[in-house]
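For reference, query39.pdb (PDB, C-alpha atoms, pLDDT in the B column):
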MODEL        1
ATOM      1  CA  MET A   1      74.820  71.748 127.429  1.00 49.00           C
ATOM      2  CA  SER A   2      77.756  69.576 126.418  1.00 56.00           C
ATOM      3  CA  GLY A   3      75.402  67.299 124.420  1.00 59.00           C
ATOM      4  CA  LEU A   4      74.215  70.325 122.438  1.00 58.00           C
ATOM      5  CA  THR A   5      77.700  71.394 121.312  1.00 67.00           C
ATOM      6  CA  PRO A   6      78.363  68.420 118.971  1.00 69.00           C
ATOM      7  CA  LEU A   7      74.903  68.854 117.414  1.00 67.00           C
ATOM      8  CA  LEU A   8      75.529  72.558 116.896  1.00 71.00           C
ATOM      9  CA  VAL A   9      78.957  71.952 115.336  1.00 74.00           C
ATOM     10  CA  GLU A  10      77.559  69.174 113.130  1.00 76.00           C
ATOM     11  CA  GLY A  11      74.685  71.428 112.032  1.00 76.00           C
ATOM     12  CA  LEU A  12      76.957  74.339 111.192  1.00 77.00           C
ATOM     13  CA  PHE A  13      79.745  72.249 109.644  1.00 79.00           C
ATOM     14  CA  PRO A  14      78.178  69.138 108.067  1.00 78.00           C
ATOM     15  CA  ASN A  15      81.408  68.364 106.168  1.00 78.00           C
ATOM     16  CA  GLY A  16      83.554  68.681 109.284  1.00 81.00           C
ATOM     17  CA  ILE A  17      85.494  71.581 110.701  1.00 83.00           C
ATOM     18  CA  ALA A  18      89.056  70.621 109.750  1.00 85.00           C
ATOM     19  CA  HIS A  19      89.242  72.273 106.322  1.00 80.00           C
ATOM     20  CA  TYR A  20      87.660  75.465 107.680  1.00 83.00           C
ATOM     21  CA  ALA A  21      90.243  75.565 110.468  1.00 87.00           C
ATOM     22  CA  LEU A  22      93.042  74.966 107.957  1.00 87.00           C
ATOM     23  CA  GLY A  23      91.670  77.767 105.752  1.00 84.00           C
ATOM     24  CA  GLY A  24      91.597  80.117 108.731  1.00 86.00           C
ATOM     25  CA  LEU A  25      95.177  79.252 109.616  1.00 90.00           C
ATOM     26  CA  LEU A  26      96.315  79.865 106.030  1.00 87.00           C
ATOM     27  CA  ILE A  27      94.471  83.203 105.884  1.00 85.00           C
ATOM     28  CA  GLY A  28      96.059  84.248 109.169  1.00 86.00           C
ATOM     29  CA  LEU A  29      99.502  83.161 108.009  1.00 89.00           C
ATOM     30  CA  GLY A  30      99.092  84.975 104.678  1.00 84.00           C
ATOM     31  CA  THR A  31      97.980  88.245 106.250  1.00 83.00           C
ATOM     32  CA  ALA A  32     100.799  88.063 108.805  1.00 86.00           C
ATOM     33  CA  VAL A  33     103.396  87.450 106.081  1.00 87.00           C
ATOM     34  CA  ILE A  34     102.075  90.364 104.005  1.00 83.00           C
ATOM     35  CA  TYR A  35     101.984  92.710 106.998  1.00 83.00           C
ATOM     36  CA  LEU A  36     105.413  91.716 108.276  1.00 87.00           C
ATOM     37  CA  GLY A  37     106.901  91.865 104.772  1.00 85.00           C
ATOM     38  CA  THR A  38     105.349  95.119 103.577  1.00 80.00           C
ATOM     39  CA  GLY A  39     103.852  96.887 106.585  1.00 80.00           C
ATOM     40  CA  ILE A  40     100.570  97.081 104.626  1.00 78.00           C
ATOM     41  CA  ILE A  41      97.281  95.510 105.711  1.00 79.00           C
ATOM     42  CA  ALA A  42      96.226  92.773 103.281  1.00 78.00           C
ATOM     43  CA  GLY A  43      92.933  94.222 102.084  1.00 75.00           C
ATOM     44  CA  ALA A  44      91.741  92.955  98.711  1.00 76.00           C
ATOM     45  CA  SER A  45      89.387  95.830  97.856  1.00 75.00           C
ATOM     46  CA  THR A  46      92.284  98.154  97.060  1.00 74.00           C
ATOM     47  CA  PHE A  47      93.229  95.689  94.317  1.00 75.00           C
ATOM     48  CA  LEU A  48      91.061  97.393  91.697  1.00 72.00           C
ATOM     49  CA  GLU A  49      92.408 100.871  92.358  1.00 73.00           C
ATOM     50  CA  SER A  50      96.003  99.718  92.504  1.00 79.00           C
ATOM     51  CA  THR A  51      95.581  97.655  89.322  1.00 80.00           C
ATOM     52  CA  LEU A  52      94.030 100.573  87.455  1.00 81.00           C
ATOM     53  CA  SER A  53      97.282 102.455  88.027  1.00 83.00           C
ATOM     54  CA  TYR A  54      98.797 100.225  85.324  1.00 85.00           C
ATOM     55  CA  ALA A  55      96.383 101.524  82.679  1.00 85.00           C
ATOM     56  CA  SER A  56      95.052 104.899  83.815  1.00 85.00           C
ATOM     57  CA  ASP A  57      96.685 108.306  84.021  1.00 86.00           C
ATOM     58  CA  LEU A  58      94.047 109.614  86.436  1.00 86.00           C
ATOM     59  CA  PRO A  59      95.632 110.957  89.632  1.00 86.00           C
ATOM     60  CA  ARG A  60      93.141 108.970  91.763  1.00 79.00           C
ATOM     61  CA  PHE A  61      94.663 105.699  90.564  1.00 79.00           C
ATOM     62  CA  ASN A  62      98.285 106.825  90.541  1.00 84.00           C
ATOM     63  CA  LYS A  63      98.727 107.635  94.204  1.00 83.00           C
ATOM     64  CA  ALA A  64     102.123 106.560  95.444  1.00 85.00           C
ATOM     65  CA  LYS A  65     100.616 103.961  97.807  1.00 77.00           C
ATOM     66  CA  TYR A  66      98.802 102.249  94.907  1.00 78.00           C
ATOM     67  CA  VAL A  67     101.741 102.242  92.527  1.00 83.00           C
ATOM     68  CA  ALA A  68     104.095 100.960  95.235  1.00 82.00           C
ATOM     69  CA  SER A  69     101.819  98.075  96.241  1.00 80.00           C
ATOM     70  CA  ARG A  70     100.184  97.091  92.969  1.00 82.00           C
ATOM     71  CA  ASP A  71     102.501  94.196  92.073  1.00 85.00           C
ATOM     72  CA  TRP A  72     101.982  92.237  95.279  1.00 81.00           C
ATOM     73  CA  ARG A  73      98.253  93.083  95.296  1.00 81.00           C
ATOM     74  CA  VAL A  74      97.873  91.504  91.839  1.00 83.00           C
ATOM     75  CA  VAL A  75      99.675  88.377  93.046  1.00 84.00           C
ATOM     76  CA  PHE A  76      97.605  88.386  96.273  1.00 81.00           C
ATOM     77  CA  THR A  77      94.268  88.612  94.458  1.00 81.00           C
ATOM     78  CA  LEU A  78      95.168  86.140  91.717  1.00 86.00           C
ATOM     79  CA  SER A  79      96.313  83.735  94.438  1.00 85.00           C
ATOM     80  CA  ILE A  80      92.901  83.930  96.107  1.00 82.00           C
ATOM     81  CA  VAL A  81      91.207  83.021  92.825  1.00 85.00           C
ATOM     82  CA  ALA A  82      93.782  80.339  91.962  1.00 91.00           C
ATOM     83  CA  GLY A  83      93.530  78.775  95.413  1.00 86.00           C
ATOM     84  CA  ALA A  84      89.758  78.518  95.143  1.00 83.00           C
ATOM     85  CA  ALA A  85      90.025  77.075  91.628  1.00 85.00           C
ATOM     86  CA  ILE A  86      92.635  74.499  92.645  1.00 88.00           C
ATOM     87  CA  TYR A  87      90.584  73.452  95.670  1.00 82.00           C
ATOM     88  CA  THR A  88      87.467  73.128  93.514  1.00 82.00           C
ATOM     89  CA  VAL A  89      89.245  71.018  90.899  1.00 84.00           C
ATOM     90  CA  LEU A  90      90.845  68.745  93.493  1.00 85.00           C
ATOM     91  CA  PHE A  91      87.974  68.383  95.978  1.00 80.00           C
ATOM     92  CA  GLY A  92      84.858  69.763  94.300  1.00 75.00           C
ATOM     93  CA  ASP A  93      82.151  68.252  92.133  1.00 75.00           C
ATOM     94  CA  GLY A  94      83.018  70.276  89.032  1.00 72.00           C
ATOM     95  CA  TRP A  95      83.977  73.832  88.230  1.00 73.00           C
ATOM     96  CA  TRP A  96      80.574  75.329  89.135  1.00 74.00           C
ATOM     97  CA  VAL A  97      79.688  74.180  92.640  1.00 72.00           C
ATOM     98  CA  SER A  98      76.810  76.510  93.428  1.00 79.00           C
ATOM     99  CA  ASP A  99      73.075  76.487  92.790  1.00 83.00           C
ATOM    100  CA  VAL A 100      73.183  80.282  92.577  1.00 85.00           C
ATOM    101  CA  GLN A 101      72.697  81.608  89.056  1.00 86.00           C
ATOM    102  CA  PRO A 102      75.770  83.362  87.575  1.00 88.00           C
ATOM    103  CA  TRP A 103      73.904  86.643  86.986  1.00 90.00           C
ATOM    104  CA  ARG A 104      73.119  86.808  90.713  1.00 89.00           C
ATOM    105  CA  PHE A 105      76.816  86.468  91.494  1.00 88.00           C
ATOM    106  CA  ALA A 106      77.525  89.307  89.066  1.00 92.00           C
ATOM    107  CA  VAL A 107      74.912  91.598  90.656  1.00 91.00           C
ATOM    108  CA  GLY A 108      76.164  90.629  94.107  1.00 87.00           C
ATOM    109  CA  GLY A 109      79.737  91.381  93.054  1.00 86.00           C
ATOM    110  CA  VAL A 110      78.767  94.867  91.908  1.00 86.00           C
ATOM    111  CA  LEU A 111      76.902  95.513  95.177  1.00 87.00           C
ATOM    112  CA  VAL A 112      79.871  94.256  97.207  1.00 84.00           C
ATOM    113  CA  GLY A 113      82.175  96.508  95.173  1.00 80.00           C
ATOM    114  CA  VAL A 114      80.007  99.538  95.911  1.00 83.00           C
ATOM    115  CA  GLY A 115      79.842  98.539  99.566  1.00 82.00           C
ATOM    116  CA  THR A 116      83.601  98.235  99.879  1.00 81.00           C
ATOM    117  CA  ARG A 117      84.040 101.760  98.553  1.00 78.00           C
ATOM    118  CA  ILE A 118      81.376 103.158 100.897  1.00 80.00           C
ATOM    119  CA  GLY A 119      82.796 101.209 103.858  1.00 78.00           C
ATOM    120  CA  LYS A 120      86.387 102.059 102.884  1.00 80.00           C
ATOM    121  CA  GLY A 121      87.417  98.428 102.832  1.00 80.00           C
ATOM    122  CA  CYS A 122      86.293  94.838 102.525  1.00 80.00           C
ATOM    123  CA  THR A 123      85.985  91.794 104.728  1.00 78.00           C
ATOM    124  CA  SER A 124      89.640  90.886 104.268  1.00 77.00           C
ATOM    125  CA  GLY A 125      90.855  94.316 105.346  1.00 81.00           C
ATOM    126  CA  HIS A 126      88.289  95.022 108.043  1.00 84.00           C
ATOM    127  CA  GLY A 127      87.287  91.486 109.027  1.00 84.00           C
ATOM    128  CA  VAL A 128      90.629  89.756 109.127  1.00 85.00           C
ATOM    129  CA  CYS A 129      93.156  92.516 109.703  1.00 83.00           C
ATOM    130  CA  GLY A 130      91.127  95.326 111.275  1.00 84.00           C
ATOM    131  CA  VAL A 131      89.293  93.207 113.837  1.00 85.00           C
ATOM    132  CA  GLY A 132      92.549  91.418 114.629  1.00 81.00           C
ATOM    133  CA  SER A 133      94.137  94.770 115.454  1.00 83.00           C
ATOM    134  CA  ARG A 134      91.035  95.875 117.440  1.00 87.00           C
ATOM    135  CA  SER A 135      90.216  98.778 115.130  1.00 88.00           C
ATOM    136  CA  ARG A 136      86.915 100.358 116.194  1.00 92.00           C
ATOM    137  CA  THR A 137      86.120 101.303 112.598  1.00 90.00           C
ATOM    138  CA  SER A 138      86.663  97.718 111.493  1.00 88.00           C
ATOM    139  CA  LEU A 139      84.560  96.329 114.341  1.00 92.00           C
ATOM    140  CA  VAL A 140      81.687  98.627 113.331  1.00 92.00           C
ATOM    141  CA  ASN A 141      82.098  97.789 109.642  1.00 88.00           C
ATOM    142  CA  VAL A 142      82.176  94.029 110.254  1.00 89.00           C
ATOM    143  CA  ALA A 143      79.089  94.263 112.469  1.00 92.00           C
ATOM    144  CA  THR A 144      77.399  96.238 109.686  1.00 90.00           C
ATOM    145  CA  PHE A 145      78.463  93.687 107.030  1.00 87.00           C
ATOM    146  CA  MET A 146      77.039  90.858 109.109  1.00 89.00           C
ATOM    147  CA  LEU A 147      73.778  92.585 110.035  1.00 92.00           C
ATOM    148  CA  VAL A 148      73.093  93.609 106.429  1.00 89.00           C
ATOM    149  CA  ALA A 149      73.973  90.133 105.109  1.00 87.00           C
ATOM    150  CA  ILE A 150      71.750  88.405 107.664  1.00 90.00           C
ATOM    151  CA  GLY A 151      68.929  90.884 107.030  1.00 93.00           C
ATOM    152  CA  VAL A 152      69.100  90.491 103.244  1.00 88.00           C
ATOM    153  CA  ALA A 153      69.258  86.692 103.529  1.00 87.00           C
ATOM    154  CA  GLN A 154      66.218  86.672 105.815  1.00 92.00           C
ATOM    155  CA  LEU A 155      64.308  89.065 103.531  1.00 94.00           C
ATOM    156  CA  LEU A 156      65.053  87.005 100.417  1.00 88.00           C
ATOM    157  CA  SER A 157      64.079  83.824 102.223  1.00 89.00           C
ATOM    158  CA  ALA A 158      60.789  85.409 103.354  1.00 93.00           C
ATOM    159  CA  LEU A 159      60.113  86.491  99.769  1.00 93.00           C
ATOM    160  CA  GLY A 160      60.674  82.914  98.607  1.00 90.00           C
ATOM    161  CA  VAL A 161      63.755  83.714  96.537  1.00 84.00           C
ATOM    162  CA  SER A 162      65.920  80.644  96.059  1.00 79.00           C
ATOM    163  CA  PRO A 163      69.244  80.164  94.271  1.00 70.00           C
TER     164      PRO A 163
ENDMDL
END
Please go through the file and, once you have read it, give me the structure as structure tokens.
Amino acid sequence: MSGLTPLLVEGLFPNGIAHYALGGLLIGLGTAVIYLGTGIIAGASTFLESTLSYASDLPRFNKAKYVASRDWRVVFTLSIVAGAAIYTVLFGDGWWVSDVQPWRFAVGGVLVGVGTRIGKGCTSGHGVCGVGSRSRTSLVNVATFMLVAIGVAQLLSALGVSP
């Protein structure tokens, strides 16, 4: 069994595990800082609704919780994008490091957006914060995210769809 573990780790993490571990530590530190500083769970899916409170007069987007948290949510979300961009520039092979076509990312983004509204949260809220606090709803949602993602990936692979 012990001989299998290095092969499994090497197969799952061909570029090593260190930068994934560092990323996990930084995510954990960031969510802890946000929670300790604001008392709010660091979910990114609320970003859109809280940001729309800047431009919309609709009551849905101007709830007190959105208006009160919109500034740090903008910084939080822009930091996620900036961190990925900086990492890609410093350690990547160019600005576009995927074989996936851009239109597929766009369609996937829309589907994820719909899913986060249906599931009342995203992987950062449910997966990082909710599971960490042993929320039953988050455990169910994360299990659902994973099962659907694995099922869709298997279906697309069986259909011969490639990036």
Exercise. Can you tell me, as a count of residues only, what residues are no more than 12 Å from A:Gly39 when counting all atoms listed in the file, ignoring any on the same chain fewer than 5 positions away?
Worked result: 7
Exercise. In Å to one decimal, how far is atom CA of A:Gly127 from atom CA of A:Gly24?
Worked result: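 So the answer is 12.2 Å.
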Exercise. When distances are computed from only C-alpha atoms, which of A:Val161, A:Val128, A:Leu12, A:Ile40 shows the smallest separation from A:Arg104?
Worked result: A:Val161
For this session: For the structure provided, state which residues fall under the PyMOL selection byres ((chain A and resi 43-57) around 7), and present them as a PyMOL selection string.
Result: chain A and resi 41-42+58-59+61-62+66-67+70+73-74+77+116+121-122+124-125
Exercise. Which value, in Å to one decimal, gives the distance between atom CA of A:Gln154 and atom CA of A:Val100?
Worked result: 16.3 Å
For this session: Using atom CA of A:His126 and atom CA of A:Pro14 as the two end points, give the distance in Å to one decimal.
Result: 27.8 Å
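If all atoms listed in the file are the atoms counted, then among A:Tyr35, A:Ala85, A:Leu29, A:Val114 the closest residue to A:Gly130 is A:Tyr35.
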Exercise. Excluding same-chain residues fewer than 6 positions from A:Gly119, what lies within 10 Å of it counting all atoms listed in the file, as a PyMOL selection string?
Worked result: chain A and resi 113+126+137-138+140-142+144-145
Only C-alpha atoms, please: the residues just picked out, written as an mmCIF file, in the frame of the given file.
data_model
loop_
_atom_site.group_PDB
_atom_site.id
_atom_site.type_symbol
_atom_site.label_atom_id
_atom_site.label_comp_id
_atom_site.auth_asym_id
_atom_site.auth_seq_id
_atom_site.Cartn_x
_atom_site.Cartn_y
_atom_site.Cartn_z
ATOM 1 C CA GLY A 113 82.175 96.508 95.173
ATOM 2 C CA HIS A 126 88.289 95.022 108.043
ATOM 3 C CA THR A 137 86.120 101.303 112.598
ATOM 4 C CA SER A 138 86.663 97.718 111.493
ATOM 5 C CA VAL A 140 81.687 98.627 113.331
ATOM 6 C CA ASN A 141 82.098 97.789 109.642
ATOM 7 C CA VAL A 142 82.176 94.029 110.254
ATOM 8 C CA THR A 144 77.399 96.238 109.686
ATOM 9 C CA PHE A 145 78.463 93.687 107.030
#
Return as AutoDock Vina command-line options the box centre and box size in Å, one decimal, for an axis-aligned box around all listed atoms of stretch 46-64 of chain A padded by 4 Å per side.
--center_x 96.6 --center_y 103.3 --center_z 89.9 --size_x 19.1 --size_y 23.3 --size_z 22.4
For this session: Find the residue from A:Val148, A:Phe91, A:Arg117, A:Leu78 that sits nearest to A:His19; use all atoms listed in the file when measuring.
Result: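 Nearest to A:His19: A:Phe91.
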Problem set entry | Within 12 Å of A:Ser98 using all atoms listed in the file, minus same-chain residues under 5 positions, as number ranges by chain | A: 88, 92-93, 104-105, 162-163
For this session: Find the residue from A:Ile80, A:Asp71, A:Leu90, A:Val112 that sits nearest to A:Leu26; use all atoms listed in the file when measuring.
Result: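 Nearest to A:Leu26: A:Ile80.
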